[in-house]
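> Okay, so here is entry-v6.csv, and as you'll see once you scroll down, it has CSV, C-alpha atoms.
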```csv
chain,number,residue,atom,x,y,z
A,11,MET,CA,18.5,34.4,31.8
A,12,LEU,CA,20.7,31.8,30.1
A,13,SER,CA,23.9,31.5,32.1
A,14,PRO,CA,27.0,32.6,30.2
A,15,SER,CA,28.5,29.2,30.5
A,16,LEU,CA,25.4,27.6,28.9
A,17,ARG,CA,25.5,30.1,26.1
A,18,LEU,CA,29.1,29.4,25.6
A,19,ALA,CA,28.5,25.7,25.5
A,20,ILE,CA,25.7,26.1,23.0
A,21,LEU,CA,27.8,28.3,20.8
A,22,PHE,CA,30.6,25.8,20.9
A,23,ALA,CA,28.3,22.9,20.1
A,24,LEU,CA,26.8,24.8,17.2
A,25,VAL,CA,30.3,25.5,15.8
A,26,ILE,CA,31.0,21.7,15.8
A,27,TYR,CA,27.5,21.1,14.4
A,28,PHE,CA,28.0,23.5,11.4
A,29,ILE,CA,31.5,22.1,10.8
A,30,ILE,CA,30.1,18.6,10.5
A,31,LEU,CA,27.3,19.8,8.3
A,32,VAL,CA,29.7,21.5,5.9
A,33,ILE,CA,32.0,18.5,5.8
A,34,LEU,CA,29.1,16.2,5.0
A,35,LEU,CA,27.9,18.5,2.3
A,36,LYS,CA,31.3,18.9,0.8
A,37,LYS,CA,31.7,15.1,0.7
A,38,HIS,CA,28.3,14.8,-1.0
A,39,LYS,CA,27.1,12.6,1.8
A,40,LEU,CA,24.2,14.9,2.4
A,41,ALA,CA,22.0,16.4,-0.4
A,42,LEU,CA,21.5,20.1,0.2
A,43,ARG,CA,17.8,20.0,-0.3
A,44,TYR,CA,17.4,17.7,2.7
A,45,THR,CA,19.7,19.8,4.9
A,46,LEU,CA,17.9,23.1,4.6
A,47,LEU,CA,15.9,22.3,7.8
A,48,TRP,CA,19.1,21.3,9.6
A,49,ILE,CA,20.7,24.6,8.6
A,50,ALA,CA,17.6,26.6,9.6
A,51,SER,CA,17.4,24.9,13.0
A,52,GLY,CA,21.1,25.6,13.6
A,53,LEU,CA,20.6,29.2,12.7
A,54,VAL,CA,17.7,29.6,15.1
A,55,MET,CA,19.8,28.2,17.9
A,56,LEU,CA,22.6,30.5,17.0
A,57,VAL,CA,20.5,33.6,17.0
A,58,LEU,CA,18.9,32.6,20.3
A,59,SER,CA,22.2,31.9,22.1
A,60,ILE,CA,23.7,35.2,20.9
A,61,PHE,CA,20.5,37.2,21.7
A,62,PRO,CA,19.0,35.4,24.6
A,63,GLN,CA,16.7,38.3,25.3
A,64,LEU,CA,14.7,37.1,22.3
A,65,LEU,CA,13.7,34.2,24.4
A,66,ASN,CA,12.0,36.5,26.9
A,67,THR,CA,9.2,37.1,24.3
A,68,VAL,CA,8.7,33.3,24.1
A,69,THR,CA,8.8,32.7,27.8
A,70,ASN,CA,6.3,35.6,28.5
A,71,ILE,CA,3.8,34.5,25.8
A,72,LEU,CA,3.9,30.8,26.6
A,73,GLY,CA,4.2,31.3,30.4
A,74,ILE,CA,7.4,29.3,30.6
A,75,GLU,CA,9.3,30.1,33.7
A,76,VAL,CA,12.8,29.2,32.9
A,77,GLN,CA,14.4,30.5,29.8
A,78,SER,CA,16.4,27.4,29.0
A,79,ASN,CA,13.1,25.4,28.9
A,80,ALA,CA,11.9,27.7,26.1
A,81,LEU,CA,15.1,27.0,24.3
A,82,PHE,CA,14.6,23.3,24.6
A,83,ALA,CA,11.0,23.7,23.5
A,84,ILE,CA,12.1,25.4,20.3
A,85,LEU,CA,14.8,22.9,19.7
A,86,PHE,CA,12.2,20.1,20.2
A,87,PHE,CA,9.9,21.7,17.6
A,88,CYS,CA,12.8,21.9,15.1
A,89,ILE,CA,13.6,18.2,15.6
A,90,LEU,CA,10.0,17.3,15.1
A,91,MET,CA,9.9,19.2,11.8
A,92,ILE,CA,13.1,17.5,10.7
A,93,LEU,CA,11.7,14.1,11.6
A,94,MET,CA,8.6,14.8,9.7
A,95,SER,CA,10.5,15.9,6.6
A,96,ILE,CA,12.5,12.6,6.8
A,97,THR,CA,9.2,10.6,6.9
A,98,VAL,CA,8.1,12.5,3.8
A,99,VAL,CA,11.3,11.6,2.0
A,100,ILE,CA,11.0,7.9,3.1
A,101,SER,CA,7.4,7.8,1.8
A,102,LYS,CA,8.4,9.2,-1.5
A,103,GLN,CA,11.2,6.7,-1.8
A,104,ASN,CA,8.8,3.8,-0.9
A,105,GLU,CA,6.6,4.9,-3.7
A,106,ASN,CA,9.5,5.0,-6.1
A,107,ILE,CA,10.8,1.6,-5.0
A,108,LYS,CA,7.3,0.2,-5.6
A,109,LYS,CA,7.1,1.6,-9.1
A,110,LEU,CA,10.6,0.4,-9.9
A,111,THR,CA,9.8,-3.1,-8.6
A,112,GLN,CA,6.6,-3.3,-10.7
A,113,TYR,CA,8.4,-2.0,-13.7
A,114,THR,CA,11.4,-4.3,-13.6
A,115,ALA,CA,9.1,-7.3,-12.9
A,116,THR,CA,7.0,-6.4,-16.0
A,117,LEU,CA,10.2,-6.1,-18.1
A,118,GLU,CA,11.5,-9.4,-16.8
A,119,LYS,CA,8.3,-11.0,-17.9
A,120,ARG,CA,8.6,-9.5,-21.3
A,121,ILE,CA,12.1,-10.7,-21.7
A,122,ARG,CA,11.1,-14.2,-20.6
A,123,ASP,CA,8.2,-14.2,-23.1
A,124,MET,CA,10.6,-13.0,-25.9
A,125,GLU,CA,13.1,-15.7,-25.1
A,126,ASP,CA,10.3,-18.4,-25.2
A,127,ASP,CA,9.2,-17.2,-28.6
A,128,SER,CA,12.7,-17.3,-30.2
B,3,MET,CA,-14.4,-8.5,-24.2
B,4,ARG,CA,-10.8,-9.4,-23.2
B,5,THR,CA,-10.7,-10.4,-19.6
B,6,LEU,CA,-7.7,-10.9,-17.4
B,7,VAL,CA,-7.7,-12.7,-14.0
B,8,ILE,CA,-5.1,-11.3,-11.7
B,9,ILE,CA,-3.9,-13.9,-9.2
B,10,PRO,CA,-1.7,-12.5,-6.4
B,11,ALA,CA,0.4,-15.2,-4.7
B,12,TYR,CA,2.7,-15.0,-1.8
B,13,ASN,CA,4.2,-18.3,-0.6
B,14,GLU,CA,1.4,-20.3,-2.2
B,15,GLN,CA,3.3,-23.4,-3.4
B,16,GLU,CA,0.6,-25.7,-2.2
B,17,ASN,CA,-2.3,-23.8,-3.7
B,18,ILE,CA,-1.2,-22.0,-6.8
B,19,VAL,CA,-1.5,-24.9,-9.3
B,20,ASN,CA,-5.0,-25.8,-8.2
B,21,THR,CA,-6.0,-22.2,-8.3
B,22,VAL,CA,-4.8,-21.6,-11.8
B,23,HIS,CA,-6.3,-24.9,-13.0
B,24,ASP,CA,-9.6,-24.0,-11.4
B,25,VAL,CA,-9.6,-20.7,-13.3
B,26,GLU,CA,-8.7,-22.4,-16.6
B,27,LYS,CA,-11.4,-25.0,-16.1
B,28,HIS,CA,-14.2,-22.6,-15.5
B,29,CYS,CA,-13.1,-19.7,-17.8
B,30,PRO,CA,-11.2,-21.3,-20.7
B,31,LYS,CA,-11.4,-18.1,-22.8
B,32,VAL,CA,-10.1,-15.8,-20.1
B,33,ASP,CA,-6.4,-14.9,-19.7
B,34,TYR,CA,-4.7,-14.9,-16.3
B,35,VAL,CA,-1.5,-13.6,-14.8
B,36,VAL,CA,-0.1,-14.8,-11.5
B,37,ILE,CA,1.7,-12.1,-9.5
B,38,ASN,CA,4.4,-13.8,-7.4
B,39,ASP,CA,5.1,-11.2,-4.7
B,40,CYS,CA,8.7,-12.3,-4.0
B,41,SER,CA,7.6,-15.6,-2.4
B,42,ARG,CA,10.3,-17.3,-0.3
B,43,ASP,CA,9.0,-20.8,-1.0
B,44,ASP,CA,8.9,-22.6,-4.3
B,45,THR,CA,6.0,-20.7,-5.8
B,46,GLU,CA,8.2,-19.3,-8.6
B,47,LYS,CA,9.7,-22.6,-9.5
B,48,ILE,CA,6.3,-24.2,-9.7
B,49,LEU,CA,5.0,-21.4,-11.9
B,50,ARG,CA,8.0,-21.8,-14.2
B,51,GLU,CA,7.7,-25.6,-14.4
B,52,HIS,CA,4.0,-25.5,-15.2
B,53,ASP,CA,4.7,-22.9,-17.8
B,54,MET,CA,2.2,-20.6,-16.3
B,55,ASN,CA,1.8,-16.9,-17.2
B,56,TYR,CA,3.3,-15.0,-14.3
B,57,ILE,CA,5.1,-11.9,-13.2
B,58,SER,CA,7.7,-12.2,-10.4
B,59,LEU,CA,8.3,-9.2,-8.3
B,60,PRO,CA,12.0,-8.7,-7.2
B,61,CYS,CA,10.9,-7.2,-3.8
B,62,ASN,CA,8.0,-8.0,-1.7
B,63,LEU,CA,5.4,-5.2,-2.1
B,64,GLY,CA,2.5,-6.6,-0.2
B,65,ILE,CA,-1.0,-7.4,-1.5
B,66,GLY,CA,-1.7,-3.8,-2.7
B,67,GLY,CA,1.5,-3.5,-4.7
B,68,GLY,CA,1.1,-7.0,-6.1
B,69,VAL,CA,-2.5,-6.5,-7.3
B,70,GLN,CA,-1.6,-3.1,-8.7
B,71,THR,CA,1.1,-4.8,-10.8
B,72,GLY,CA,-1.7,-6.9,-12.3
B,73,TYR,CA,-3.7,-3.8,-13.0
B,74,ARG,CA,-0.7,-2.2,-14.7
B,75,TYR,CA,-0.3,-5.4,-16.8
B,76,ALA,CA,-4.0,-5.4,-17.7
B,77,ASN,CA,-3.8,-1.7,-18.6
B,78,GLU,CA,-0.7,-2.2,-20.8
B,79,HIS,CA,-2.3,-5.0,-22.7
B,80,GLY,CA,-5.6,-3.3,-23.2
B,81,TYR,CA,-7.8,-5.6,-21.3
B,82,ASP,CA,-11.5,-4.7,-20.9
B,83,ILE,CA,-12.1,-6.4,-17.7
B,84,ALA,CA,-9.7,-7.4,-14.9
B,85,ILE,CA,-10.6,-9.7,-12.0
B,86,GLN,CA,-8.7,-10.1,-8.8
B,87,PHE,CA,-8.7,-13.7,-7.6
B,88,ASP,CA,-6.7,-14.9,-4.6
B,89,GLY,CA,-4.0,-17.4,-5.1
B,90,ASP,CA,-4.5,-19.2,-1.8
B,91,GLY,CA,-7.5,-21.3,-2.9
B,92,GLN,CA,-10.1,-19.4,-0.9
B,93,HIS,CA,-12.0,-18.2,-4.0
B,94,ASP,CA,-14.1,-20.4,-6.2
B,95,ALA,CA,-13.7,-20.0,-9.9
B,96,ARG,CA,-17.3,-21.1,-10.5
B,97,TYR,CA,-18.3,-17.6,-9.7
B,98,LEU,CA,-15.9,-15.8,-12.0
B,99,ASN,CA,-18.5,-15.7,-14.9
B,100,ALA,CA,-21.1,-14.1,-12.7
B,101,LEU,CA,-18.6,-11.3,-12.0
B,102,ILE,CA,-17.6,-11.0,-15.6
B,103,ASP,CA,-21.3,-10.8,-16.6
B,104,SER,CA,-22.1,-7.9,-14.3
B,105,ILE,CA,-19.2,-5.9,-15.8
B,106,ALA,CA,-19.8,-7.0,-19.4
B,107,SER,CA,-23.4,-6.0,-19.3
B,108,ASN,CA,-22.3,-2.5,-18.3
B,109,SER,CA,-24.5,-2.6,-15.2
B,110,ALA,CA,-21.5,-1.8,-13.0
B,111,ASP,CA,-17.9,-0.4,-13.0
B,112,ILE,CA,-16.8,-2.7,-10.1
B,113,ALA,CA,-18.4,-6.0,-9.1
B,114,ILE,CA,-17.4,-7.5,-5.7
B,115,GLY,CA,-17.8,-11.1,-4.9
B,116,SER,CA,-19.6,-11.3,-1.5
B,117,ARG,CA,-19.9,-14.2,0.9
B,118,PHE,CA,-22.7,-12.5,2.9
B,119,ILE,CA,-25.5,-12.2,0.4
B,120,ARG,CA,-26.6,-15.9,0.2
B,121,LYS,CA,-24.6,-16.7,3.4
B,122,GLN,CA,-23.3,-19.9,1.9
B,123,GLY,CA,-19.9,-21.4,2.1
B,124,PHE,CA,-17.2,-20.4,4.6
B,125,GLN,CA,-18.4,-17.3,6.5
B,126,SER,CA,-15.2,-16.4,8.4
B,127,THR,CA,-15.0,-16.2,12.2
B,128,GLY,CA,-17.4,-14.2,14.3
B,129,PHE,CA,-14.8,-11.7,15.4
B,130,ARG,CA,-13.7,-11.1,11.8
B,131,ARG,CA,-17.3,-10.8,10.6
B,132,PHE,CA,-17.8,-8.1,13.3
B,133,GLY,CA,-14.9,-6.2,11.9
B,134,ILE,CA,-16.1,-6.5,8.4
B,135,GLY,CA,-19.5,-5.3,9.5
B,136,PHE,CA,-17.9,-2.3,11.1
B,137,LEU,CA,-15.9,-1.4,8.0
B,138,SER,CA,-19.0,-1.9,5.9
B,139,GLY,CA,-20.9,0.6,8.0
B,140,LEU,CA,-18.0,3.0,7.8
B,141,ILE,CA,-18.0,2.8,4.0
B,142,ARG,CA,-21.8,3.4,3.9
B,143,LEU,CA,-21.3,6.4,6.2
B,144,LEU,CA,-18.4,7.9,4.2
B,145,CYS,CA,-19.6,7.3,0.6
B,146,GLY,CA,-23.2,6.0,0.8
B,147,VAL,CA,-22.2,2.8,-0.9
B,148,ASN,CA,-23.6,-0.5,0.3
B,149,VAL,CA,-21.0,-3.3,0.3
B,150,SER,CA,-21.3,-6.1,2.8
B,151,ASP,CA,-18.1,-8.0,2.1
B,152,VAL,CA,-15.6,-5.1,2.1
B,153,THR,CA,-12.5,-7.3,2.5
B,154,SER,CA,-13.3,-9.6,-0.3
B,155,GLY,CA,-10.4,-9.9,-2.6
B,156,MET,CA,-12.5,-11.3,-5.4
B,157,ARG,CA,-13.6,-8.4,-7.6
B,158,ALA,CA,-14.0,-7.5,-11.2
B,159,VAL,CA,-13.2,-4.1,-12.6
B,160,ASN,CA,-14.0,-2.5,-16.0
B,161,LYS,CA,-11.6,-0.8,-18.3
B,162,ARG,CA,-11.9,2.7,-16.8
B,163,PHE,CA,-11.0,1.5,-13.3
B,164,ILE,CA,-8.2,-0.8,-14.6
B,165,GLY,CA,-6.7,2.5,-15.7
B,166,GLU,CA,-7.5,4.2,-12.3
B,167,TYR,CA,-6.1,1.4,-10.3
B,168,ALA,CA,-3.0,1.1,-12.5
B,169,LYS,CA,-2.3,4.7,-11.5
B,170,THR,CA,-3.4,4.7,-7.8
B,171,TYR,CA,-4.0,1.7,-5.6
B,172,ALA,CA,-3.9,1.5,-1.8
B,173,GLN,CA,-0.9,-0.4,-0.5
B,174,ASP,CA,-1.2,-1.8,3.0
B,175,TYR,CA,-4.7,-3.3,3.4
B,176,PRO,CA,-6.1,-2.2,0.1
B,177,GLU,CA,-9.5,-3.9,-0.3
B,178,PRO,CA,-11.7,-1.5,1.7
B,179,GLU,CA,-9.7,1.6,0.7
B,180,ALA,CA,-10.0,0.6,-3.0
B,181,ILE,CA,-13.8,0.6,-2.6
B,182,ILE,CA,-13.7,4.2,-1.3
B,183,TYR,CA,-11.4,5.3,-3.9
B,184,ALA,CA,-13.7,3.9,-6.6
B,185,ALA,CA,-16.8,5.4,-5.0
B,186,VAL,CA,-15.2,8.8,-4.8
B,187,HIS,CA,-14.3,8.6,-8.5
B,188,GLY,CA,-18.0,7.9,-9.3
B,189,ALA,CA,-17.9,4.1,-9.8
B,190,LYS,CA,-21.1,2.1,-9.8
B,191,ILE,CA,-20.4,-0.8,-7.4
B,192,VAL,CA,-22.4,-3.9,-7.2
B,193,GLU,CA,-22.0,-7.1,-5.2
B,194,VAL,CA,-22.3,-10.6,-6.6
B,195,PRO,CA,-23.1,-13.5,-4.4
B,196,VAL,CA,-20.2,-16.0,-4.2
B,197,GLU,CA,-19.1,-18.8,-2.0
B,198,MET,CA,-15.6,-18.9,-0.5
B,199,ARG,CA,-13.7,-21.7,1.1
B,200,GLU,CA,-11.4,-21.9,4.0
B,201,ARG,CA,-7.8,-21.6,3.2
B,202,GLN,CA,-6.6,-24.8,1.5
B,203,GLY,CA,-3.0,-24.7,2.8
B,204,GLY,CA,-0.3,-22.3,3.9
B,205,THR,CA,-0.9,-19.5,6.3
B,206,SER,CA,-3.0,-16.4,6.0
B,207,SER,CA,-1.2,-13.1,5.8
B,208,ILE,CA,-3.6,-11.6,8.5
B,209,ASN,CA,-2.5,-12.5,12.0
B,210,PRO,CA,-5.4,-12.4,14.5
B,211,LEU,CA,-3.2,-10.5,17.0
B,212,ARG,CA,-2.9,-7.7,14.5
B,213,SER,CA,-6.6,-7.4,13.9
B,214,VAL,CA,-7.2,-4.6,16.3
B,215,TYR,CA,-4.3,-2.7,14.9
B,216,TYR,CA,-5.6,-3.4,11.4
B,217,MET,CA,-9.0,-2.0,12.2
B,218,ILE,CA,-7.7,1.2,13.5
B,219,LYS,CA,-5.2,1.7,10.7
B,220,VAL,CA,-7.7,0.8,8.0
B,221,SER,CA,-10.3,3.0,9.4
B,222,ILE,CA,-8.0,6.0,9.4
B,223,ALA,CA,-6.8,5.1,5.9
B,224,MET,CA,-10.5,5.0,4.7
B,225,VAL,CA,-11.4,8.3,6.2
B,226,LEU,CA,-8.3,9.9,4.6
B,227,ALA,CA,-9.1,8.2,1.3
B,228,ARG,CA,-12.5,9.7,1.4
B,229,PHE,CA,-11.4,13.3,1.9
B,230,SER,CA,-8.1,13.3,0.0
B,231,SER,CA,-9.6,12.9,-3.4
```
For this file, produce the structure as structure tokens.

Amino acid sequence: MLSPSLRLAILFALVIYFIILVILLKKHKLALRYTLLWIASGLVMLVLSIFPQLLNTVTNILGIEVQSNALFAILFFCILMILMSITVVISKQNENIKKLTQYTATLEKRIRDMEDDS
Amino acid sequence: MRTLVIIPAYNEQENIVNTVHDVEKHCPKVDYVVINDCSRDDTEKILREHDMNYISLPCNLGIGGGVQTGYRYANEHGYDIAIQFDGDGQHDARYLNALIDSIASNSADIAIGSRFIRKQGFQSTGFRRFGIGFLSGLIRLLCGVNVSDVTSGMRAVNKRFIGEYAKTYAQDYPEPEAIIYAAVHGAKIVEVPVEMRERQGGTSSINPLRSVYYMIKVSIAMVLARFSS
């Protein structure tokens, strides 16, 4: 079982986590569509620290001996998903930057040609 | 047939004037555009002073993004044939007309200038030739297309593939991947014998230390390109 003090620490950390998340969202420093995974991961942690018996299922199926290790494994998976989503966003932005670069360069050439003609 | 020669250039202040003059001398009726990929040297200044036709990218996009800019330009201006021709002096403009002919006669969608057909001129180093042979085999395996000089940046493309490449063009090490993309989209690909020279000046963008990394990365990219479209 997760020790009560560990559960308390996780709950406390999660409260801070959600407060920071809400502050960032309110200040528009985070776009909501990129934070859904963050919120989902936080909720998973919240549910597991309130109902640690849910972890028993995971530990039994995966053959993990210590419950806290199962918790870390789940957390690790959440972080991987978040990282992957960030890479997706970066790739998309790369593509957009490329398109913009090509477009502005073409426009710059057209302006140059027009100036030469006049 | 309106033809455009696309000349990608990155830090080519020593070579670019000769390259463009070489093209103009051998193909006087053909248009060209230099794509200056945000060079840090005086390439842009030289292009401006010589009143050459050029596009200057505000950020460095790499060879793929640069060449694609040329294809977009060709597409916008309704060219029938586009030819990639490196700005570093390695390619020989004497062979441009052979490439144009194989597209203009409708015998191919894409014509690739290959050093390894007549085995004349600069043949690259043994290690690099081994890599090219490997990639060539991989392309044959993936698409059943025979191309010996898969990394050749000297290639002519017809109107249909100008449009395709304007939309989608591989970015990092695009030459082999572009062959696969074309083959998957039903292109008829031929090779035309050409001679190439060793670089005339400046430094190559491919560092020998990165070659192994390049091989792994480009192989993965090629397999993905084969099965993603």
> Counting only C-alpha atoms, which of A:Ser15, A:Ser95, A:Gln103, A:Gln63 gets nearest to A:Arg43?
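Residue with the minimum atom-to-atom distance to A:Arg43: A:Ser95.
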> Find, counting all atoms listed in the file, the residue in A:Thr45, A:Met55, A:Asp123, A:Ala50 that gets nearest to A:Ala23.
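Among the listed residues, the smallest separation from A:Ala23 belongs to A:Met55.
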> Only residues of chain A matter here; which ones have an atom within 9 Å of chain B, counting all atoms listed in the file? Give them as a list in words.
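Result, ordered by chain then number: Ile107, Lys108, Lys109, Thr111, Gln112, Tyr113, Thr114, Ala115, Thr116, Glu118 and Lys119 of chain A.
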> Between A:Leu117, A:Ile96, A:Leu90, A:Glu105, which is the closest to B:Tyr171 once you count only C-alpha atoms?
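Among the listed residues, the smallest separation from B:Tyr171 belongs to A:Glu105.
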> Can you tell me which residues surround B:Ala172 at a distance of at most 7 Å, considering only C-alpha atoms, apart from same-chain residues fewer than 6 positions away, and format the answer as a list in words?
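In the requested format, the answer is Gly66, Glu179 and Ala180 of chain B.
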> What separation in Å, quoted to one decimal, exists between atom CA of B:Asn17 and atom CA of B:Ile83?
24.4 Å
> Excluding A:Pro14 and any residue of its chain fewer than 3 positions from it, enumerate the residues within 12 Å of it, using only C-alpha atoms, and give them as a ChimeraX atom specification.
/A:11,17-21,59-62,78
> Around (14.5, 34.2, 31.8) in the file's own coordinates, what residues are found within 7 Å if you use all atoms listed in the file, given back as a VMD selection string?
chain A and resid 11 to 12 66 75 to 77
